[in-house]
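Colleague: coords-v1.txt is reproduced below (compact mmCIF, N, CA and C atoms).
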# COMPACT_ATOMS: atom_id res chain seq x y z
N MET H 831 6.96 16.62 -12.92
CA MET H 831 7.02 17.50 -11.77
C MET H 831 7.93 16.92 -10.70
N ILE H 832 7.82 15.61 -10.50
CA ILE H 832 8.63 14.98 -9.46
C ILE H 832 10.12 15.06 -9.81
N SER H 833 10.43 14.96 -11.11
CA SER H 833 11.84 14.99 -11.50
C SER H 833 12.49 16.33 -11.17
N THR H 834 11.72 17.39 -11.02
CA THR H 834 12.29 18.70 -10.69
C THR H 834 12.78 18.78 -9.24
N ILE H 835 12.28 17.90 -8.37
CA ILE H 835 12.68 17.94 -6.96
C ILE H 835 13.49 16.71 -6.54
N ALA H 836 13.66 15.76 -7.45
CA ALA H 836 14.37 14.51 -7.12
C ALA H 836 15.84 14.59 -7.51
N SER H 837 16.66 13.93 -6.72
CA SER H 837 18.07 13.77 -7.07
C SER H 837 18.32 12.29 -7.34
N GLU H 838 19.27 12.00 -8.19
CA GLU H 838 19.60 10.61 -8.50
C GLU H 838 20.75 10.15 -7.62
N GLU H 839 20.59 8.95 -7.03
CA GLU H 839 21.64 8.38 -6.19
C GLU H 839 21.83 6.92 -6.59
N ALA H 840 23.08 6.49 -6.59
CA ALA H 840 23.41 5.10 -6.94
C ALA H 840 24.18 4.47 -5.79
N TYR H 841 23.89 3.19 -5.55
CA TYR H 841 24.53 2.45 -4.46
C TYR H 841 24.91 1.05 -4.93
N GLU H 842 25.90 0.50 -4.26
CA GLU H 842 26.39 -0.84 -4.57
C GLU H 842 25.62 -1.91 -3.79
N ASP H 843 25.84 -3.14 -4.18
CA ASP H 843 25.24 -4.29 -3.52
C ASP H 843 25.54 -4.25 -2.02
N GLY H 844 24.49 -4.49 -1.22
CA GLY H 844 24.66 -4.56 0.23
C GLY H 844 24.53 -3.23 0.95
N HIS H 845 24.43 -2.13 0.21
CA HIS H 845 24.29 -0.83 0.86
C HIS H 845 22.94 -0.74 1.57
N THR H 846 22.94 -0.27 2.80
CA THR H 846 21.70 -0.09 3.56
C THR H 846 21.23 1.35 3.38
N LEU H 847 20.04 1.52 2.81
CA LEU H 847 19.48 2.85 2.60
C LEU H 847 19.07 3.48 3.92
N PHE H 848 18.44 2.67 4.77
CA PHE H 848 18.08 3.11 6.11
C PHE H 848 17.80 1.89 6.97
N TYR H 849 17.87 2.12 8.27
CA TYR H 849 17.64 1.05 9.24
C TYR H 849 16.30 1.26 9.94
N GLU H 850 15.68 0.16 10.31
CA GLU H 850 14.48 0.23 11.15
C GLU H 850 14.81 1.05 12.39
N GLY H 851 13.98 2.03 12.68
CA GLY H 851 14.22 2.89 13.82
C GLY H 851 14.85 4.23 13.48
N ASP H 852 15.45 4.36 12.27
CA ASP H 852 15.98 5.66 11.84
C ASP H 852 14.82 6.64 11.64
N VAL H 853 15.09 7.92 11.81
CA VAL H 853 14.10 8.94 11.49
C VAL H 853 14.04 9.06 9.97
N GLY H 854 12.83 9.04 9.42
CA GLY H 854 12.66 9.09 7.98
C GLY H 854 12.46 10.50 7.45
N ASP H 855 13.15 10.81 6.35
CA ASP H 855 12.97 12.12 5.73
C ASP H 855 13.08 12.08 4.21
N LYS H 856 13.13 10.87 3.64
CA LYS H 856 13.30 10.72 2.20
C LYS H 856 12.42 9.61 1.65
N LEU H 857 12.03 9.80 0.41
CA LEU H 857 11.34 8.78 -0.38
C LEU H 857 12.32 8.32 -1.45
N PHE H 858 12.38 7.02 -1.69
CA PHE H 858 13.24 6.45 -2.72
C PHE H 858 12.39 5.80 -3.80
N ILE H 859 12.60 6.19 -5.05
CA ILE H 859 11.95 5.55 -6.19
C ILE H 859 13.01 4.69 -6.86
N VAL H 860 12.74 3.40 -7.02
CA VAL H 860 13.72 2.48 -7.60
C VAL H 860 13.75 2.67 -9.12
N VAL H 861 14.87 3.15 -9.63
CA VAL H 861 15.05 3.31 -11.07
C VAL H 861 15.59 2.02 -11.66
N SER H 862 16.56 1.41 -10.96
CA SER H 862 17.08 0.12 -11.39
C SER H 862 17.59 -0.64 -10.16
N GLY H 863 17.53 -1.96 -10.25
CA GLY H 863 17.99 -2.80 -9.16
C GLY H 863 16.85 -3.31 -8.30
N ASN H 864 17.23 -3.98 -7.22
CA ASN H 864 16.28 -4.56 -6.28
C ASN H 864 16.64 -4.14 -4.86
N VAL H 865 15.60 -3.91 -4.06
CA VAL H 865 15.79 -3.51 -2.67
C VAL H 865 15.02 -4.47 -1.78
N GLN H 866 15.72 -5.03 -0.81
CA GLN H 866 15.07 -5.95 0.13
C GLN H 866 14.64 -5.16 1.36
N ILE H 867 13.38 -5.37 1.77
CA ILE H 867 12.84 -4.75 2.96
C ILE H 867 12.88 -5.80 4.07
N LEU H 868 13.48 -5.43 5.20
CA LEU H 868 13.71 -6.36 6.30
C LEU H 868 13.11 -5.83 7.59
N LYS H 869 12.57 -6.74 8.39
CA LYS H 869 12.06 -6.42 9.73
C LYS H 869 12.90 -7.16 10.75
N ASN H 870 13.14 -6.50 11.87
CA ASN H 870 13.83 -7.13 12.98
C ASN H 870 12.81 -7.91 13.80
N GLN H 871 12.98 -9.22 13.83
CA GLN H 871 12.06 -10.08 14.58
C GLN H 871 12.88 -10.88 15.58
N GLY H 872 12.83 -10.43 16.83
CA GLY H 872 13.58 -11.14 17.87
C GLY H 872 15.08 -11.08 17.68
N GLY H 873 15.58 -9.96 17.15
CA GLY H 873 17.01 -9.81 16.95
C GLY H 873 17.52 -10.36 15.64
N VAL H 874 16.62 -10.89 14.82
CA VAL H 874 17.00 -11.45 13.52
C VAL H 874 16.31 -10.67 12.41
N GLU H 875 17.10 -10.23 11.41
CA GLU H 875 16.50 -9.55 10.26
C GLU H 875 15.82 -10.57 9.35
N THR H 876 14.54 -10.33 9.07
CA THR H 876 13.76 -11.21 8.22
C THR H 876 13.28 -10.44 7.01
N ALA H 877 13.55 -10.97 5.81
CA ALA H 877 13.10 -10.32 4.57
C ALA H 877 11.59 -10.43 4.48
N ILE H 878 10.92 -9.30 4.21
CA ILE H 878 9.47 -9.33 4.08
C ILE H 878 9.01 -9.08 2.65
N VAL H 879 9.82 -8.37 1.86
CA VAL H 879 9.47 -8.13 0.46
C VAL H 879 10.71 -7.63 -0.27
N THR H 880 10.74 -7.86 -1.58
CA THR H 880 11.78 -7.29 -2.43
C THR H 880 11.10 -6.35 -3.42
N LEU H 881 11.57 -5.12 -3.46
CA LEU H 881 11.02 -4.12 -4.37
C LEU H 881 11.91 -4.00 -5.59
N LYS H 882 11.28 -3.85 -6.75
CA LYS H 882 12.00 -3.78 -8.01
C LYS H 882 11.79 -2.43 -8.67
N GLU H 883 12.30 -2.31 -9.87
CA GLU H 883 12.19 -1.08 -10.66
C GLU H 883 10.76 -0.53 -10.66
N ASN H 884 10.64 0.78 -10.53
CA ASN H 884 9.38 1.55 -10.51
C ASN H 884 8.60 1.44 -9.21
N ASN H 885 9.09 0.69 -8.23
CA ASN H 885 8.50 0.69 -6.90
C ASN H 885 9.11 1.84 -6.11
N PHE H 886 8.50 2.15 -4.99
CA PHE H 886 9.09 3.17 -4.14
C PHE H 886 9.01 2.73 -2.69
N LEU H 887 9.86 3.34 -1.87
CA LEU H 887 9.91 2.99 -0.45
C LEU H 887 10.24 4.25 0.34
N GLY H 888 9.89 4.21 1.61
CA GLY H 888 10.11 5.35 2.47
C GLY H 888 9.00 6.38 2.39
N GLU H 889 7.86 5.97 1.81
CA GLU H 889 6.76 6.92 1.60
C GLU H 889 6.14 7.42 2.90
N LEU H 890 6.22 6.63 3.96
CA LEU H 890 5.68 7.09 5.24
C LEU H 890 6.41 8.35 5.71
N ALA H 891 7.68 8.47 5.34
CA ALA H 891 8.47 9.64 5.74
C ALA H 891 7.94 10.93 5.12
N LEU H 892 7.16 10.80 4.06
CA LEU H 892 6.59 11.99 3.43
C LEU H 892 5.44 12.57 4.22
N PHE H 893 4.86 11.77 5.09
CA PHE H 893 3.68 12.21 5.82
C PHE H 893 3.94 12.46 7.29
N ASP H 894 5.05 11.95 7.81
CA ASP H 894 5.40 12.23 9.20
C ASP H 894 6.91 12.14 9.36
N ALA H 895 7.39 12.52 10.47
CA ALA H 895 8.83 12.46 10.73
C ALA H 895 9.13 11.36 11.74
N GLU H 896 8.34 10.33 11.71
CA GLU H 896 8.52 9.21 12.64
C GLU H 896 9.65 8.30 12.18
N THR H 897 9.93 7.29 12.97
CA THR H 897 11.02 6.38 12.66
C THR H 897 10.61 5.38 11.58
N ARG H 898 11.61 4.88 10.90
CA ARG H 898 11.41 3.88 9.84
C ARG H 898 10.87 2.60 10.46
N THR H 899 9.95 1.96 9.74
CA THR H 899 9.32 0.74 10.24
C THR H 899 10.05 -0.52 9.79
N ALA H 900 11.07 -0.36 8.93
CA ALA H 900 11.82 -1.51 8.43
C ALA H 900 13.18 -1.02 7.95
N THR H 901 14.04 -1.97 7.64
CA THR H 901 15.36 -1.70 7.06
C THR H 901 15.27 -1.93 5.56
N ALA H 902 16.00 -1.13 4.77
CA ALA H 902 16.02 -1.29 3.32
C ALA H 902 17.46 -1.46 2.85
N ARG H 903 17.72 -2.55 2.11
CA ARG H 903 19.08 -2.88 1.68
C ARG H 903 19.10 -3.22 0.20
N CYS H 904 20.10 -2.69 -0.50
CA CYS H 904 20.25 -2.95 -1.94
C CYS H 904 20.69 -4.39 -2.18
N ILE H 905 20.08 -5.01 -3.17
CA ILE H 905 20.50 -6.33 -3.64
C ILE H 905 21.08 -6.09 -5.03
N GLY H 906 22.38 -6.08 -5.12
CA GLY H 906 23.04 -5.70 -6.36
C GLY H 906 23.08 -4.18 -6.46
N PRO H 907 23.69 -3.68 -7.53
CA PRO H 907 23.75 -2.23 -7.72
C PRO H 907 22.35 -1.66 -7.94
N CYS H 908 22.09 -0.48 -7.37
CA CYS H 908 20.76 0.14 -7.46
C CYS H 908 20.91 1.63 -7.76
N THR H 909 19.93 2.14 -8.50
CA THR H 909 19.84 3.57 -8.74
C THR H 909 18.46 4.03 -8.32
N PHE H 910 18.40 5.20 -7.68
CA PHE H 910 17.14 5.73 -7.15
C PHE H 910 16.97 7.20 -7.54
N LEU H 911 15.72 7.61 -7.60
CA LEU H 911 15.38 9.02 -7.52
C LEU H 911 15.00 9.24 -6.06
N VAL H 912 15.59 10.24 -5.42
CA VAL H 912 15.39 10.48 -4.00
C VAL H 912 14.72 11.84 -3.82
N ILE H 913 13.66 11.85 -3.02
CA ILE H 913 12.91 13.07 -2.78
C ILE H 913 12.91 13.35 -1.28
N GLU H 914 13.32 14.55 -0.93
CA GLU H 914 13.32 15.00 0.46
C GLU H 914 11.89 15.35 0.87
N ARG H 915 11.56 15.10 2.13
CA ARG H 915 10.20 15.35 2.63
C ARG H 915 9.77 16.80 2.42
N ASN H 916 10.61 17.76 2.73
CA ASN H 916 10.24 19.17 2.59
C ASN H 916 9.90 19.53 1.15
N ASP H 917 10.67 19.00 0.19
CA ASP H 917 10.40 19.27 -1.22
C ASP H 917 9.07 18.65 -1.65
N MET H 918 8.80 17.43 -1.16
CA MET H 918 7.55 16.76 -1.51
C MET H 918 6.35 17.48 -0.92
N GLU H 919 6.47 17.98 0.30
CA GLU H 919 5.38 18.73 0.93
C GLU H 919 5.01 19.95 0.09
N GLN H 920 6.02 20.66 -0.38
CA GLN H 920 5.77 21.85 -1.20
C GLN H 920 5.08 21.46 -2.50
N LEU H 921 5.56 20.40 -3.15
CA LEU H 921 4.95 19.96 -4.41
C LEU H 921 3.52 19.49 -4.18
N ALA H 922 3.27 18.79 -3.08
CA ALA H 922 1.92 18.29 -2.78
C ALA H 922 0.95 19.45 -2.53
N HIS H 923 1.43 20.53 -1.96
CA HIS H 923 0.57 21.70 -1.76
C HIS H 923 0.18 22.32 -3.10
N GLU H 924 1.12 22.32 -4.03
CA GLU H 924 0.86 22.89 -5.36
C GLU H 924 0.04 21.94 -6.23
N TYR H 925 0.25 20.63 -6.07
CA TYR H 925 -0.41 19.61 -6.89
C TYR H 925 -0.96 18.52 -5.98
N PRO H 926 -2.13 18.73 -5.37
CA PRO H 926 -2.69 17.76 -4.42
C PRO H 926 -2.88 16.35 -5.00
N ALA H 927 -3.04 16.24 -6.29
CA ALA H 927 -3.22 14.90 -6.90
C ALA H 927 -2.02 14.00 -6.63
N ILE H 928 -0.84 14.59 -6.50
CA ILE H 928 0.35 13.78 -6.20
C ILE H 928 0.22 13.16 -4.82
N ALA H 929 -0.20 13.94 -3.84
CA ALA H 929 -0.38 13.42 -2.49
C ALA H 929 -1.44 12.32 -2.47
N PHE H 930 -2.53 12.52 -3.20
CA PHE H 930 -3.57 11.50 -3.24
C PHE H 930 -3.06 10.21 -3.88
N GLY H 931 -2.19 10.33 -4.86
CA GLY H 931 -1.59 9.14 -5.46
C GLY H 931 -0.82 8.31 -4.45
N PHE H 932 -0.02 8.98 -3.62
CA PHE H 932 0.72 8.26 -2.58
C PHE H 932 -0.22 7.67 -1.54
N ILE H 933 -1.26 8.39 -1.19
CA ILE H 933 -2.23 7.89 -0.21
C ILE H 933 -2.89 6.62 -0.74
N LYS H 934 -3.23 6.59 -2.02
CA LYS H 934 -3.83 5.38 -2.62
C LYS H 934 -2.88 4.19 -2.50
N VAL H 935 -1.61 4.41 -2.76
CA VAL H 935 -0.64 3.32 -2.64
C VAL H 935 -0.52 2.85 -1.20
N LEU H 936 -0.47 3.79 -0.26
CA LEU H 936 -0.40 3.42 1.16
C LEU H 936 -1.59 2.57 1.57
N ILE H 937 -2.78 2.98 1.14
CA ILE H 937 -3.99 2.23 1.48
C ILE H 937 -3.94 0.84 0.87
N SER H 938 -3.49 0.75 -0.37
CA SER H 938 -3.38 -0.56 -1.02
C SER H 938 -2.42 -1.47 -0.26
N ARG H 939 -1.28 -0.92 0.17
CA ARG H 939 -0.31 -1.72 0.92
C ARG H 939 -0.88 -2.15 2.26
N MET H 940 -1.62 -1.25 2.92
CA MET H 940 -2.24 -1.59 4.20
C MET H 940 -3.29 -2.69 4.02
N ARG H 941 -4.09 -2.60 2.97
CA ARG H 941 -5.08 -3.66 2.70
C ARG H 941 -4.39 -5.00 2.49
N GLY H 942 -3.29 -4.97 1.76
CA GLY H 942 -2.54 -6.21 1.53
C GLY H 942 -2.03 -6.82 2.82
N MET H 943 -1.55 -5.98 3.74
CA MET H 943 -1.08 -6.48 5.03
C MET H 943 -2.22 -7.08 5.83
N VAL H 944 -3.38 -6.44 5.82
CA VAL H 944 -4.52 -6.94 6.56
C VAL H 944 -4.99 -8.26 5.96
N LEU H 945 -5.06 -8.34 4.65
CA LEU H 945 -5.51 -9.58 4.00
C LEU H 945 -4.53 -10.71 4.25
N ASP H 946 -3.21 -10.42 4.26
CA ASP H 946 -2.19 -11.45 4.54
C ASP H 946 -2.37 -12.01 5.94
N LYS H 947 -2.72 -11.17 6.90
CA LYS H 947 -2.89 -11.62 8.28
C LYS H 947 -4.12 -12.48 8.46
N LYS H 948 -5.12 -12.29 7.58
CA LYS H 948 -6.35 -13.08 7.68
C LYS H 948 -6.14 -14.50 7.15
N ASN H 949 -5.16 -14.65 6.25
CA ASN H 949 -4.94 -15.97 5.62
C ASN H 949 -4.00 -16.81 6.41
What would the structure in this file look like if it were written as C-alpha cells?
Modeller:
Amino acid sequence: MISTIASEEAYEDGHTLFYEGDVGDKLFIVVSGNVQILKNQGGVETAIVTLKENNFLGELALFDAETRTATARCIGPCTFLVIERNDMEQLAHEYPAIAFGFIKVLISRMRGMVLDKKN
C-alpha cells in the first residue's frame, strides 16, 4: 500500500535531505545507504545517530507541520522511498493500522531517548 503513494529519490554523498528548523512535509524510508542525523548544539552540528537500510526518518512530519528537530545528511549514495504528508494522511484514514505502526515506532524512539538520559 505504501508503495502506491511513495516516490523513489536518489542522492549523492553529502546531500542534506533537510535542515533542523525546516518545515517538515515528507517521510523518508532508507532503501539503500546511510543517513546521519545531526543536532545543532551551540552552533556545532553533532551526529546523534546513523540510520541504515529499512529505517525511516521525518516521521514527525506525518503528524504535524512543525519544524524539523534535526538535520539529515546522506553518507555515501542513498536511495529513498519518499512519502508526502498529505498522501500518508489519506492512506492512514483508509488503513489505520499503518498510522498505529508509526506511532509504535515513535513511542519506542521516545522511550530510548528517555532511557539514554537516565544513564
Colleague: Please compute the CA of Glu850 in chain H-CA of Thr899 in chain H distance, one decimal, in Å.
Modeller: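 Separation between CA of Glu850 in chain H and CA of Thr899 in chain H: 5.3 Å.
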Colleague: Please, which residues in range 831-893 of chain H fall within 7 Å of range 908-918 of chain H when counting only N, CA and C atoms, and what is the closest atom pair and distance in Å to one decimal for each, ordered by chain then residue number, as CSV?
Modeller:
residue,atom,partner,partner_atom,distance
H:Ile835,C,H:Ile913,CA,5.3
H:Ala836,CA,H:Val912,C,4.3
H:Ser837,C,H:Val912,N,3.9
H:Glu838,CA,H:Phe910,C,4.4
H:Glu839,C,H:Phe910,N,4.0
H:Ala840,CA,H:Thr909,CA,4.3
H:Tyr841,N,H:Cys908,C,4.0
H:Glu842,N,H:Cys908,N,5.0
H:Asp843,N,H:Cys908,N,5.6
H:Asp855,C,H:Arg915,N,4.0
H:Lys856,CA,H:Ile913,C,4.4
H:Leu857,N,H:Ile913,C,4.0
H:Phe858,CA,H:Leu911,C,4.7
H:Ile859,N,H:Leu911,C,4.0
H:Val860,CA,H:Phe910,CA,4.7
H:Val861,N,H:Thr909,C,3.9
H:Ser862,C,H:Thr909,N,4.0
H:Gly863,CA,H:Cys908,CA,4.4
H:Asn864,N,H:Cys908,CA,5.4
H:Ala891,C,H:Arg915,CA,5.6
H:Leu892,CA,H:Arg915,CA,5.0
H:Phe893,N,H:Arg915,CA,6.9
Colleague: When DSSP is applied to the backbone of this structure, which of range 876-944 of chain H are assigned alpha helix (DSSP H)? Write them out as a list of chain:residue names.
Modeller: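 Of range 876-944 of chain H, the ones in alpha helix (DSSP H) are H:Arg915, H:Asn916, H:Asp917, H:Met918, H:Glu919, H:Gln920, H:Leu921, H:Ala922, H:His923, H:Glu924, H:Pro926, H:Ala927, H:Ile928, H:Ala929, H:Phe930, H:Gly931, H:Phe932, H:Ile933, H:Lys934, H:Val935, H:Leu936, H:Ile937, H:Ser938, H:Arg939, H:Met940, H:Arg941, H:Gly942, H:Met943, H:Val944.
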Colleague: Smallest atom-to-atom distance to Ile905 in chain H: which of H:Glu924, H:Phe848, H:Ser938, H:Leu881, using only C-alpha atoms?
Modeller: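 Among the listed residues, the smallest separation from Ile905 in chain H belongs to H:Leu881.
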Colleague: Give me, as a ChimeraX atom specification, the residues of range 893-934 of chain H that a backbone DSSP run labels strand (DSSP E or B).
Modeller: /H:897,901-914
Colleague: Given the choices H:Leu936, H:Ile832, H:Thr880, H:Gly851, which gets closest to Cys904 in chain H if the distance is worked out from only C-alpha atoms?
Modeller: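 That would be H:Thr880, the residue with the smallest distance to Cys904 in chain H.
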Colleague: Go ahead and compute the interatomic distance for atom N of Tyr849 in chain H and CA of His923 in chain H, in Å to one decimal.
Modeller: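 Here the two named atoms are 28.0 Å from each other.
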Colleague: Work out how far CA of Val853 in chain H is from CA of Ala895 in chain H, in Å to one decimal.
Modeller: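 Answer for the CA of Ala895 in chain H to CA of Val853 in chain H separation: 6.4 Å.
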Colleague: Please identify all polymer residues within 8 Å of Leu847 in chain H, counting only C-alpha atoms, omitting same-chain residues fewer than 4 positions from it, and present them as a PDB file with N, CA and C atoms, in the coordinates of the input.
Modeller:
ATOM      1  N   THR H 901      14.040  -1.970   7.640  1.00  0.00           N
ATOM      2  CA  THR H 901      15.360  -1.700   7.060  1.00  0.00           C
ATOM      3  C   THR H 901      15.270  -1.930   5.560  1.00  0.00           C
ATOM      4  N   ALA H 902      16.000  -1.130   4.770  1.00  0.00           N
ATOM      5  CA  ALA H 902      16.020  -1.290   3.320  1.00  0.00           C
ATOM      6  C   ALA H 902      17.460  -1.460   2.850  1.00  0.00           C
ATOM      7  N   ARG H 903      17.720  -2.550   2.110  1.00  0.00           N
ATOM      8  CA  ARG H 903      19.080  -2.880   1.680  1.00  0.00           C
ATOM      9  C   ARG H 903      19.100  -3.220   0.200  1.00  0.00           C
ATOM     10  N   CYS H 904      20.100  -2.690  -0.500  1.00  0.00           N
ATOM     11  CA  CYS H 904      20.250  -2.950  -1.940  1.00  0.00           C
ATOM     12  C   CYS H 904      20.690  -4.390  -2.180  1.00  0.00           C
TER      13      CYS H 904
END
Colleague: Set the distance at 12 Å and use only C-alpha atoms: which residues neighbour Ile928 in chain H once local chain neighbours fewer than 6 positions away are removed? I'd like the list as a list of chain:residue names.
Modeller: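 That gives H:Met831, H:Ile832, H:Leu892, H:Met918, H:Glu919, H:Gln920, H:Leu921, H:Ala922, H:Lys934, H:Val935.
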Colleague: Could you complete range 922-932 of chain H so that it carries all heavy atoms, and give it back as a compact mmCIF listing (two decimals), in the coordinates of the input?
Modeller:
# COMPACT_ATOMS: atom_id res chain seq x y z
N ALA H 922 3.27 18.79 -3.08
CA ALA H 922 1.92 18.29 -2.78
C ALA H 922 0.95 19.45 -2.53
O ALA H 922 -0.23 19.35 -2.87
CB ALA H 922 1.94 17.35 -1.59
N HIS H 923 1.43 20.53 -1.96
CA HIS H 923 0.57 21.70 -1.76
C HIS H 923 0.18 22.32 -3.10
O HIS H 923 -0.95 22.76 -3.29
CB HIS H 923 1.26 22.76 -0.89
CG HIS H 923 1.27 22.40 0.56
ND1 HIS H 923 0.14 22.40 1.34
CD2 HIS H 923 2.29 22.02 1.38
CE1 HIS H 923 0.45 22.04 2.57
NE2 HIS H 923 1.74 21.79 2.62
N GLU H 924 1.12 22.32 -4.03
CA GLU H 924 0.86 22.89 -5.36
C GLU H 924 0.04 21.94 -6.23
O GLU H 924 -0.76 22.39 -7.04
CB GLU H 924 2.17 23.22 -6.06
CG GLU H 924 2.94 24.35 -5.39
CD GLU H 924 4.29 24.59 -6.06
OE1 GLU H 924 4.40 24.41 -7.28
OE2 GLU H 924 5.23 24.97 -5.34
N TYR H 925 0.25 20.63 -6.07
CA TYR H 925 -0.41 19.61 -6.89
C TYR H 925 -0.96 18.52 -5.98
O TYR H 925 -0.35 17.46 -5.81
CB TYR H 925 0.57 19.01 -7.90
CG TYR H 925 1.20 20.03 -8.80
CD1 TYR H 925 2.45 20.56 -8.51
CD2 TYR H 925 0.53 20.48 -9.94
CE1 TYR H 925 3.03 21.51 -9.34
CE2 TYR H 925 1.11 21.42 -10.78
CZ TYR H 925 2.35 21.94 -10.47
OH TYR H 925 2.91 22.88 -11.29
N PRO H 926 -2.13 18.73 -5.37
CA PRO H 926 -2.69 17.76 -4.42
C PRO H 926 -2.88 16.35 -5.00
O PRO H 926 -2.85 15.38 -4.25
CB PRO H 926 -4.03 18.37 -4.04
CG PRO H 926 -3.88 19.83 -4.32
CD PRO H 926 -2.94 19.93 -5.47
N ALA H 927 -3.04 16.24 -6.29
CA ALA H 927 -3.22 14.90 -6.90
C ALA H 927 -2.02 14.00 -6.63
O ALA H 927 -2.17 12.78 -6.52
CB ALA H 927 -3.46 15.03 -8.40
N ILE H 928 -0.84 14.59 -6.50
CA ILE H 928 0.35 13.78 -6.20
C ILE H 928 0.22 13.16 -4.82
O ILE H 928 0.48 11.97 -4.63
CB ILE H 928 1.62 14.65 -6.32
CG1 ILE H 928 1.86 15.00 -7.78
CG2 ILE H 928 2.82 13.93 -5.73
CD1 ILE H 928 2.98 15.97 -8.02
N ALA H 929 -0.20 13.94 -3.84
CA ALA H 929 -0.38 13.42 -2.49
C ALA H 929 -1.44 12.32 -2.47
O ALA H 929 -1.25 11.29 -1.81
CB ALA H 929 -0.76 14.54 -1.53
N PHE H 930 -2.53 12.52 -3.20
CA PHE H 930 -3.57 11.50 -3.24
C PHE H 930 -3.06 10.21 -3.88
O PHE H 930 -3.45 9.12 -3.47
CB PHE H 930 -4.81 12.00 -3.97
CG PHE H 930 -5.67 12.91 -3.14
CD1 PHE H 930 -5.77 14.26 -3.44
CD2 PHE H 930 -6.36 12.43 -2.04
CE1 PHE H 930 -6.53 15.12 -2.66
CE2 PHE H 930 -7.14 13.26 -1.25
CZ PHE H 930 -7.22 14.61 -1.56
N GLY H 931 -2.19 10.33 -4.86
CA GLY H 931 -1.59 9.14 -5.46
C GLY H 931 -0.82 8.31 -4.45
O GLY H 931 -0.94 7.09 -4.39
N PHE H 932 -0.02 8.98 -3.62
CA PHE H 932 0.72 8.26 -2.58
C PHE H 932 -0.22 7.67 -1.54
O PHE H 932 -0.01 6.57 -1.05
CB PHE H 932 1.75 9.18 -1.92
CG PHE H 932 2.99 9.36 -2.74
CD1 PHE H 932 3.24 10.56 -3.39
CD2 PHE H 932 3.90 8.33 -2.88
CE1 PHE H 932 4.38 10.73 -4.15
CE2 PHE H 932 5.04 8.48 -3.65
CZ PHE H 932 5.28 9.70 -4.28
